Amino acid sequence: MSHFLTILCLFSMVIPASIANIFAYPISRKLSVRISDYIVNVLARRLFAICYTYRHFHFWGYDDKKDTLPENFILISNHQSLLDIPVFMNFLRDREMRFIAKDTLGRHIPLVSEMLRAQEHCLVPRKAKPMEAMRYISDFGKRVVERKQIPILFPEGSRTRNGDVGKFFSAGFRQLSESTGLPVVVCALDGGWQLRDLRKLVTNLKNGCYRVKILRIYDSPKTKEDCNQILEESRTLMQQQIEYWRQLPTNKK
């Protein structure tokens, strides 16, 4: 029964906002932005409340280092599922975030696609040549600095299947650092790899958990070597944190 109620509540939450934004986006950008802001500020946190109420699925957002965050920064994290987006929306509720993602996320994904386009997240064409992709990221970096938004980058580029931290790609991070001049906040998350498709969502949601934590804050990198060092250290920190979390029961923070 709880499984049915979860699905019913999630669909009741997702479908109206999705349909409204699908129709609003081509007609009124202003209206679409308002709907997208509602998705970010209300529905993202409601998603986890529903999962906890009916499936005892925990969201563990650790407050360590939150009070030391700079006013503006680049956030980098490992990447496990599409749910990583609402995870950060729920974790950093008082910040206005913008994600760097492949342009395929900007099409045909309920609740997500129109929101990403209306709010002007950075959607890099999958088939873009390297120089073109860097231009997208550079323009995006200048835009978020001007608007005092928080850019979020997943250096792996794609989601990992087993939740371990994959290879990091440095070009996008270096371009974002160069175009923004911002300090870097490193986060780790875990739990999304077990929910990456509908089958896993059905089988693993009950008594599961999603964890996210700030690991380290770096000053703005000045050189290519600084960027590479941050990525190398960050990847190690993320993997160590994930391995520690997996020793914990899902109902323990």
# chains A, B, ... in the order shown; residues from 1 in each chain; ligands from 1

call {"tool": "closest_atom_pairs", "arguments": {"of": "stretch 64-108 of chain A", "to": "stretch 116-136 of chain A", "cutoff": "10 Å", "atoms": "only C-alpha atoms", "output": "tab-separated table"}}
result
residue	atom	partner	partner_atom	distance
A:Met97	CA	A:His121	CA	8.6
A:Arg98	CA	A:His121	CA	5.1
A:Phe99	CA	A:His121	CA	5.4
A:Ile100	CA	A:Cys122	CA	4.7
A:Ala101	CA	A:Leu123	CA	5.1
A:Lys102	CA	A:Val124	CA	4.9
A:Asp103	CA	A:Leu123	CA	4.4
A:Thr104	CA	A:Arg126	CA	7.3
A:Leu105	CA	A:Leu123	CA	7.7
A:Gly106	CA	A:Arg117	CA	6.3
A:Arg107	CA	A:Arg117	CA	9.1

call {"tool": "write_last_selection", "arguments": {"atoms": "N, CA and C atoms", "output": "mmCIF file, in the first residue's frame"}}
result
data_model
loop_
_atom_site.group_PDB
_atom_site.id
_atom_site.type_symbol
_atom_site.label_atom_id
_atom_site.label_comp_id
_atom_site.auth_asym_id
_atom_site.auth_seq_id
_atom_site.Cartn_x
_atom_site.Cartn_y
_atom_site.Cartn_z
ATOM 1 N N MET A 97 21.149 28.095 -7.634
ATOM 2 C CA MET A 97 22.126 27.236 -8.305
ATOM 3 C C MET A 97 21.841 27.107 -9.795
ATOM 4 N N ARG A 98 22.910 26.887 -10.549
ATOM 5 C CA ARG A 98 22.799 26.607 -11.967
ATOM 6 C C ARG A 98 23.764 25.470 -12.314
ATOM 7 N N PHE A 99 23.260 24.498 -13.067
ATOM 8 C CA PHE A 99 24.012 23.287 -13.369
ATOM 9 C C PHE A 99 24.595 23.317 -14.779
ATOM 10 N N ILE A 100 25.723 22.650 -14.929
ATOM 11 C CA ILE A 100 26.281 22.364 -16.254
ATOM 12 C C ILE A 100 25.915 20.925 -16.587
ATOM 13 N N ALA A 101 25.243 20.737 -17.714
ATOM 14 C CA ALA A 101 24.762 19.403 -18.083
ATOM 15 C C ALA A 101 24.740 19.260 -19.598
ATOM 16 N N LYS A 102 24.551 18.049 -20.049
ATOM 17 C CA LYS A 102 24.390 17.799 -21.489
ATOM 18 C C LYS A 102 23.031 18.291 -21.948
ATOM 19 N N ASP A 103 22.959 18.741 -23.190
ATOM 20 C CA ASP A 103 21.706 19.316 -23.690
ATOM 21 C C ASP A 103 20.574 18.306 -23.776
ATOM 22 N N THR A 104 20.886 17.003 -23.713
ATOM 23 C CA THR A 104 19.826 15.991 -23.756
ATOM 24 C C THR A 104 18.910 16.090 -22.536
ATOM 25 N N LEU A 105 19.409 16.652 -21.436
ATOM 26 C CA LEU A 105 18.557 16.829 -20.259
ATOM 27 C C LEU A 105 17.534 17.934 -20.476
ATOM 28 N N GLY A 106 17.746 18.743 -21.493
ATOM 29 C CA GLY A 106 16.818 19.827 -21.781
ATOM 30 C C GLY A 106 15.646 19.424 -22.633
ATOM 31 N N ARG A 107 15.490 18.124 -22.852
ATOM 32 C CA ARG A 107 14.380 17.635 -23.671
ATOM 33 C C ARG A 107 13.755 16.384 -23.054
#

call {"tool": "residues_around", "arguments": {"residues": "A:Arg235", "least_positions_apart": "4", "cutoff": "9 Å", "atoms": "only C-alpha atoms", "output": "VMD selection string"}}
result
chain A and resid 77 to 78 165 to 168 230 to 231 239 to 240

call {"tool": "select_by_dssp", "arguments": {"residues": "stretch 40-226 of chain A", "states": "strand (DSSP E or B)", "output": "ChimeraX atom specification"}}
result
/A:58-61,74-77,97-102,122-124,150-153,184-190,209-218

call {"tool": "write_last_selection", "arguments": {"atoms": "N, CA, C and O atoms", "output": "compact mmCIF listing (two decimals), in the first residue's frame"}}
result
# COMPACT_ATOMS: atom_id res chain seq x y z
N HIS A 58 15.60 8.10 3.62
CA HIS A 58 16.19 9.23 4.33
C HIS A 58 17.00 10.13 3.40
O HIS A 58 17.70 9.64 2.51
N PHE A 59 16.89 11.43 3.64
CA PHE A 59 17.80 12.39 3.03
C PHE A 59 18.71 12.91 4.13
O PHE A 59 18.27 13.55 5.07
N TRP A 60 20.00 12.60 3.99
CA TRP A 60 20.98 13.05 4.98
C TRP A 60 21.84 14.16 4.37
O TRP A 60 22.74 13.89 3.60
N GLY A 61 21.53 15.38 4.72
CA GLY A 61 22.34 16.52 4.29
C GLY A 61 23.14 17.03 5.48
O GLY A 61 22.57 17.48 6.47
N ILE A 74 32.21 28.00 -6.99
CA ILE A 74 31.94 26.86 -7.87
C ILE A 74 31.77 25.63 -6.98
O ILE A 74 32.54 25.42 -6.04
N LEU A 75 30.77 24.83 -7.27
CA LEU A 75 30.59 23.58 -6.55
C LEU A 75 30.88 22.41 -7.49
O LEU A 75 30.32 22.36 -8.59
N ILE A 76 31.73 21.50 -7.08
CA ILE A 76 31.98 20.28 -7.85
C ILE A 76 31.60 19.07 -7.00
O ILE A 76 31.76 19.08 -5.78
N SER A 77 31.10 18.04 -7.65
CA SER A 77 30.64 16.85 -6.94
C SER A 77 30.72 15.64 -7.86
O SER A 77 30.75 15.78 -9.09
N MET A 97 21.15 28.09 -7.63
CA MET A 97 22.13 27.24 -8.30
C MET A 97 21.84 27.11 -9.80
O MET A 97 20.69 27.17 -10.23
N ARG A 98 22.91 26.89 -10.55
CA ARG A 98 22.80 26.61 -11.97
C ARG A 98 23.76 25.47 -12.31
O ARG A 98 24.92 25.48 -11.91
N PHE A 99 23.26 24.50 -13.07
CA PHE A 99 24.01 23.29 -13.37
C PHE A 99 24.59 23.32 -14.78
O PHE A 99 24.02 23.92 -15.69
N ILE A 100 25.72 22.65 -14.93
CA ILE A 100 26.28 22.36 -16.25
C ILE A 100 25.91 20.92 -16.59
O ILE A 100 26.23 20.01 -15.82
N ALA A 101 25.24 20.74 -17.71
CA ALA A 101 24.76 19.40 -18.08
C ALA A 101 24.74 19.26 -19.60
O ALA A 101 24.89 20.23 -20.34
N LYS A 102 24.55 18.05 -20.05
CA LYS A 102 24.39 17.80 -21.49
C LYS A 102 23.03 18.29 -21.95
O LYS A 102 22.05 18.25 -21.20
N CYS A 122 23.42 25.70 -17.94
CA CYS A 122 24.34 25.52 -19.06
C CYS A 122 24.13 24.15 -19.68
O CYS A 122 24.54 23.13 -19.10
N LEU A 123 23.48 24.09 -20.82
CA LEU A 123 23.20 22.84 -21.52
C LEU A 123 24.13 22.74 -22.72
O LEU A 123 23.91 23.37 -23.75
N VAL A 124 25.17 21.96 -22.57
CA VAL A 124 26.20 21.84 -23.60
C VAL A 124 25.80 20.77 -24.60
O VAL A 124 25.50 19.63 -24.20
N ILE A 150 25.24 30.13 -8.14
CA ILE A 150 26.24 29.11 -7.81
C ILE A 150 26.30 28.09 -8.95
O ILE A 150 25.35 27.33 -9.16
N PRO A 151 27.42 28.04 -9.71
CA PRO A 151 27.53 27.04 -10.77
C PRO A 151 27.93 25.68 -10.20
O PRO A 151 28.83 25.59 -9.36
N ILE A 152 27.26 24.63 -10.66
CA ILE A 152 27.55 23.27 -10.19
C ILE A 152 28.01 22.43 -11.37
O ILE A 152 27.34 22.35 -12.40
N LEU A 153 29.15 21.78 -11.18
CA LEU A 153 29.77 20.98 -12.24
C LEU A 153 30.04 19.58 -11.71
O LEU A 153 30.54 19.41 -10.60
N VAL A 184 36.37 27.24 -4.82
CA VAL A 184 35.79 25.95 -5.19
C VAL A 184 35.35 25.19 -3.94
O VAL A 184 36.14 25.03 -2.99
N VAL A 185 34.11 24.75 -3.95
CA VAL A 185 33.57 23.93 -2.87
C VAL A 185 33.41 22.51 -3.38
O VAL A 185 32.79 22.28 -4.43
N VAL A 186 33.97 21.56 -2.64
CA VAL A 186 33.93 20.15 -3.03
C VAL A 186 32.89 19.42 -2.19
O VAL A 186 32.91 19.49 -0.95
N CYS A 187 31.98 18.72 -2.85
CA CYS A 187 30.96 17.94 -2.17
C CYS A 187 31.04 16.48 -2.60
O CYS A 187 31.54 16.15 -3.67
N ALA A 188 30.52 15.62 -1.75
CA ALA A 188 30.32 14.21 -2.11
C ALA A 188 28.86 13.86 -1.89
O ALA A 188 28.21 14.39 -0.99
N LEU A 189 28.35 12.97 -2.72
CA LEU A 189 27.00 12.46 -2.52
C LEU A 189 26.98 10.97 -2.80
O LEU A 189 27.82 10.43 -3.53
N ASP A 190 26.00 10.29 -2.22
CA ASP A 190 25.86 8.86 -2.44
C ASP A 190 24.42 8.44 -2.24
O ASP A 190 23.71 9.01 -1.41
N CYS A 209 18.63 5.63 1.33
CA CYS A 209 19.01 6.98 1.75
C CYS A 209 19.85 7.65 0.67
O CYS A 209 20.44 7.00 -0.19
N TYR A 210 19.88 8.97 0.75
CA TYR A 210 20.72 9.82 -0.11
C TYR A 210 21.53 10.70 0.83
O TYR A 210 20.97 11.32 1.74
N ARG A 211 22.83 10.74 0.64
CA ARG A 211 23.68 11.54 1.51
C ARG A 211 24.43 12.59 0.68
O ARG A 211 24.85 12.31 -0.44
N VAL A 212 24.62 13.76 1.26
CA VAL A 212 25.42 14.81 0.60
C VAL A 212 26.12 15.62 1.67
O VAL A 212 25.56 15.93 2.73
N LYS A 213 27.39 15.95 1.39
CA LYS A 213 28.21 16.64 2.38
C LYS A 213 29.27 17.51 1.71
O LYS A 213 29.83 17.13 0.68
N ILE A 214 29.57 18.66 2.32
CA ILE A 214 30.67 19.50 1.89
C ILE A 214 31.97 18.94 2.48
O ILE A 214 32.06 18.71 3.69
N LEU A 215 32.95 18.70 1.63
CA LEU A 215 34.20 18.10 2.08
C LEU A 215 35.32 19.11 2.27
O LEU A 215 36.10 19.00 3.23
N ARG A 216 35.45 20.04 1.36
CA ARG A 216 36.57 20.98 1.44
C ARG A 216 36.24 22.24 0.64
O ARG A 216 35.49 22.18 -0.35
N ILE A 217 36.83 23.35 1.05
CA ILE A 217 36.69 24.62 0.35
C ILE A 217 38.08 25.09 -0.06
O ILE A 217 38.98 25.20 0.78
N TYR A 218 38.25 25.34 -1.34
CA TYR A 218 39.54 25.78 -1.88
C TYR A 218 39.45 27.24 -2.30
O TYR A 218 38.40 27.71 -2.77

call {"tool": "closest_residue", "arguments": {"among": "A:Gly192, A:Gly157, A:Gly181, A:Pro26", "to": "A:Val144", "atoms": "only C-alpha atoms"}}
result
A:Gly181

call {"tool": "select_by_dssp", "arguments": {"residues": "stretch 22-163 of chain A", "states": "alpha helix (DSSP H)", "output": "VMD selection string"}}
result
chain A and resid 22 to 24 29 to 38 44 to 55 84 to 91 113 to 118 130 to 147

call {"tool": "closest_residue", "arguments": {"among": "A:Gly208, A:Pro221, A:Gly191, A:Pro155", "to": "A:Ser234", "atoms": "only C-alpha atoms"}}
result
A:Pro155
